[in-house]
Amino acid sequence: MQFISEQVLPLVLDRYRINPARKTFVGHSYGGLLGTYILLTTPTLSESYILGSPSYWYDNEAIFNIESTYAEKNQSLPAEVHVYAGGNEGVIQRDLNKFVAILKSRQYKNFKLTSKIIPNTSHFSVLLTDGLIGLYRK
């Protein structure tokens, strides 16, 4: 996280017209897992997250333990998160539904969560199909 916060973000903010108060992390598959890890370990790094088909199965579903540890110490999760997976993704869809149920049960303050299973899509055809629409639709 130090590399992202001290190297990547300052470079991006310097070179591109970005509202520093509205940073969005976008990740798919392992990138979705990374985004979830950032959300739960350094939640102030980004204000919003688009997490597509996150690989929550990785490392025996360790991300669920990370979330549990976060929940033990925090009542707030200051972020807007949109997660999605393809309807044909099996394990990824199952784990995404599990993760969404856990987050909703926590009732974190300052937290907005939307989720969607997109019918008839696979791990690659679902890529970013729904994320931007879900996050920026107002």
# chains A, B, ... in the order shown; residues from 1 in each chain; ligands from 1
$ residues_around --residues "A:Lys112" --least-positions-apart "5" --cutoff "10 Å" --atoms "only C-alpha atoms" --output "ChimeraX atom specification"
/A:48,77-82,103-104,107
$ select_by_dssp --residues "chain A" --states "strand (DSSP E or B)" --output "mmCIF file with C-alpha atoms, in the first residue's frame"
data_model
loop_
_atom_site.group_PDB
_atom_site.id
_atom_site.type_symbol
_atom_site.label_atom_id
_atom_site.label_comp_id
_atom_site.auth_asym_id
_atom_site.auth_seq_id
_atom_site.Cartn_x
_atom_site.Cartn_y
_atom_site.Cartn_z
ATOM 1 C CA THR A 24 -11.933 5.425 -7.690
ATOM 2 C CA PHE A 25 -10.085 2.118 -7.567
ATOM 3 C CA VAL A 26 -11.108 -0.218 -10.385
ATOM 4 C CA GLY A 27 -10.072 -3.859 -10.303
ATOM 5 C CA HIS A 28 -11.125 -7.106 -11.934
ATOM 6 C CA SER A 48 -14.949 4.536 -4.229
ATOM 7 C CA TYR A 49 -14.293 1.092 -5.616
ATOM 8 C CA ILE A 50 -15.457 -0.877 -8.644
ATOM 9 C CA LEU A 51 -14.672 -4.521 -7.930
ATOM 10 C CA GLY A 52 -15.452 -6.932 -10.738
ATOM 11 C CA SER A 76 -17.414 2.845 9.911
ATOM 12 C CA LEU A 77 -16.166 2.039 6.419
ATOM 13 C CA PRO A 78 -15.912 5.341 4.518
ATOM 14 C CA ALA A 79 -16.373 4.196 0.930
ATOM 15 C CA GLU A 80 -18.772 3.659 -1.927
ATOM 16 C CA VAL A 81 -18.388 0.174 -3.407
ATOM 17 C CA HIS A 82 -19.894 -1.478 -6.463
ATOM 18 C CA VAL A 83 -19.180 -5.208 -6.827
ATOM 19 C CA TYR A 84 -20.313 -7.453 -9.618
ATOM 20 C CA ALA A 85 -19.739 -10.840 -11.172
ATOM 21 C CA GLY A 86 -20.938 -12.805 -14.142
ATOM 22 C CA LYS A 109 -21.481 3.816 8.891
ATOM 23 C CA ASN A 110 -20.481 5.978 5.901
ATOM 24 C CA PHE A 111 -20.648 2.940 3.625
ATOM 25 C CA LYS A 112 -22.610 2.471 0.432
ATOM 26 C CA LEU A 113 -22.662 -0.904 -1.301
ATOM 27 C CA THR A 114 -24.262 -1.980 -4.542
ATOM 28 C CA SER A 115 -23.889 -5.398 -6.098
ATOM 29 C CA LYS A 116 -25.033 -7.180 -9.191
ATOM 30 C CA ILE A 117 -24.823 -10.580 -10.803
ATOM 31 C CA ILE A 118 -24.951 -10.067 -14.560
#
$ atom_distance --atom1 "atom CA of A:Pro54" --atom2 "atom CA of A:Tyr30"
6.1 Å
$ atom_distance --atom1 "atom CA of A:Asn97" --atom2 "atom CA of A:Gly35"
16.7 Å
$ select_by_dssp --residues "chain A" --states "alpha helix (DSSP H)" --output "PyMOL selection string"
chain A and resi 2-3+9-15+30-41+58-73+91-106+131-136
$ residues_around --residues "A:Glu6" --least-positions-apart "6" --cutoff "12 Å" --atoms "only C-alpha atoms" --output "PDB file with N, CA and C atoms, in the first residue's frame"
ATOM      1  N   VAL A  12      -0.179  10.041 -10.498  1.00  0.00           N
ATOM      2  CA  VAL A  12      -1.443  10.151 -11.229  1.00  0.00           C
ATOM      3  C   VAL A  12      -2.093  11.509 -10.971  1.00  0.00           C
ATOM      4  N   LEU A  13      -2.121  11.936  -9.721  1.00  0.00           N
ATOM      5  CA  LEU A  13      -2.732  13.224  -9.389  1.00  0.00           C
ATOM      6  C   LEU A  13      -1.983  14.391 -10.024  1.00  0.00           C
ATOM      7  N   LEU A  45      -7.541   5.370   1.212  1.00  0.00           N
ATOM      8  CA  LEU A  45      -6.744   5.475  -0.008  1.00  0.00           C
ATOM      9  C   LEU A  45      -7.601   5.861  -1.210  1.00  0.00           C
TER      10      LEU A  45
END
$ decode --residues "stretch 9-81 of chain A" --atoms "C-alpha atoms" --output "mmCIF file, in the first residue's frame"
data_model
loop_
_atom_site.group_PDB
_atom_site.id
_atom_site.type_symbol
_atom_site.label_atom_id
_atom_site.label_comp_id
_atom_site.auth_asym_id
_atom_site.auth_seq_id
_atom_site.Cartn_x
_atom_site.Cartn_y
_atom_site.Cartn_z
ATOM 1 C CA LEU A 9 -1.267 8.246 -6.464
ATOM 2 C CA PRO A 10 0.964 11.353 -6.380
ATOM 3 C CA LEU A 11 2.107 10.623 -9.943
ATOM 4 C CA VAL A 12 -1.443 10.151 -11.229
ATOM 5 C CA LEU A 13 -2.732 13.224 -9.389
ATOM 6 C CA ASP A 14 0.135 15.296 -10.797
ATOM 7 C CA ARG A 15 -0.194 14.180 -14.413
ATOM 8 C CA TYR A 16 -3.954 13.905 -14.867
ATOM 9 C CA ARG A 17 -6.961 16.065 -14.123
ATOM 10 C CA ILE A 18 -8.376 14.156 -11.197
ATOM 11 C CA ASN A 19 -10.535 15.311 -8.337
ATOM 12 C CA PRO A 20 -8.494 14.111 -5.338
ATOM 13 C CA ALA A 21 -11.686 13.906 -3.283
ATOM 14 C CA ARG A 22 -13.257 11.430 -5.736
ATOM 15 C CA LYS A 23 -10.641 8.770 -6.440
ATOM 16 C CA THR A 24 -11.933 5.425 -7.690
ATOM 17 C CA PHE A 25 -10.085 2.118 -7.567
ATOM 18 C CA VAL A 26 -11.108 -0.218 -10.385
ATOM 19 C CA GLY A 27 -10.072 -3.859 -10.303
ATOM 20 C CA HIS A 28 -11.125 -7.106 -11.934
ATOM 21 C CA SER A 29 -10.345 -10.648 -10.769
ATOM 22 C CA TYR A 30 -7.130 -10.413 -8.716
ATOM 23 C CA GLY A 31 -7.443 -6.638 -9.096
ATOM 24 C CA GLY A 32 -10.863 -6.880 -7.456
ATOM 25 C CA LEU A 33 -9.278 -8.819 -4.619
ATOM 26 C CA LEU A 34 -6.553 -6.154 -4.312
ATOM 27 C CA GLY A 35 -9.192 -3.424 -4.232
ATOM 28 C CA THR A 36 -11.033 -5.243 -1.463
ATOM 29 C CA TYR A 37 -7.777 -5.616 0.464
ATOM 30 C CA ILE A 38 -7.121 -1.868 0.110
ATOM 31 C CA LEU A 39 -10.693 -1.127 1.196
ATOM 32 C CA LEU A 40 -10.266 -3.182 4.369
ATOM 33 C CA THR A 41 -6.699 -2.204 5.278
ATOM 34 C CA THR A 42 -6.342 1.371 4.004
ATOM 35 C CA PRO A 43 -9.910 2.572 3.413
ATOM 36 C CA THR A 44 -8.934 6.230 3.019
ATOM 37 C CA LEU A 45 -6.744 5.475 -0.008
ATOM 38 C CA SER A 46 -9.758 5.740 -2.306
ATOM 39 C CA GLU A 47 -13.287 7.044 -1.928
ATOM 40 C CA SER A 48 -14.949 4.536 -4.229
ATOM 41 C CA TYR A 49 -14.293 1.092 -5.616
ATOM 42 C CA ILE A 50 -15.457 -0.877 -8.644
ATOM 43 C CA LEU A 51 -14.672 -4.521 -7.930
ATOM 44 C CA GLY A 52 -15.452 -6.932 -10.738
ATOM 45 C CA SER A 53 -15.379 -10.689 -10.300
ATOM 46 C CA PRO A 54 -13.056 -10.466 -7.282
ATOM 47 C CA SER A 55 -11.016 -13.600 -6.559
ATOM 48 C CA TYR A 56 -12.169 -14.048 -2.961
ATOM 49 C CA TRP A 57 -11.369 -17.768 -3.162
ATOM 50 C CA TYR A 58 -7.634 -16.949 -3.189
ATOM 51 C CA ASP A 59 -5.561 -18.150 -0.218
ATOM 52 C CA ASN A 60 -8.423 -20.157 1.284
ATOM 53 C CA GLU A 61 -10.709 -17.111 1.258
ATOM 54 C CA ALA A 62 -8.353 -15.100 3.497
ATOM 55 C CA ILE A 63 -10.168 -11.881 2.576
ATOM 56 C CA PHE A 64 -13.055 -12.926 4.841
ATOM 57 C CA ASN A 65 -10.675 -13.060 7.813
ATOM 58 C CA ILE A 66 -9.319 -9.638 6.893
ATOM 59 C CA GLU A 67 -12.864 -8.257 6.834
ATOM 60 C CA SER A 68 -13.623 -9.865 10.191
ATOM 61 C CA THR A 69 -10.521 -8.266 11.708
ATOM 62 C CA TYR A 70 -11.562 -4.895 10.295
ATOM 63 C CA ALA A 71 -15.077 -5.296 11.725
ATOM 64 C CA GLU A 72 -13.729 -6.040 15.207
ATOM 65 C CA LYS A 73 -12.022 -2.641 15.309
ATOM 66 C CA ASN A 74 -14.288 -0.405 13.198
ATOM 67 C CA GLN A 75 -17.924 0.622 12.952
ATOM 68 C CA SER A 76 -17.414 2.845 9.911
ATOM 69 C CA LEU A 77 -16.166 2.039 6.419
ATOM 70 C CA PRO A 78 -15.912 5.341 4.518
ATOM 71 C CA ALA A 79 -16.373 4.196 0.930
ATOM 72 C CA GLU A 80 -18.772 3.659 -1.927
ATOM 73 C CA VAL A 81 -18.388 0.174 -3.407
#
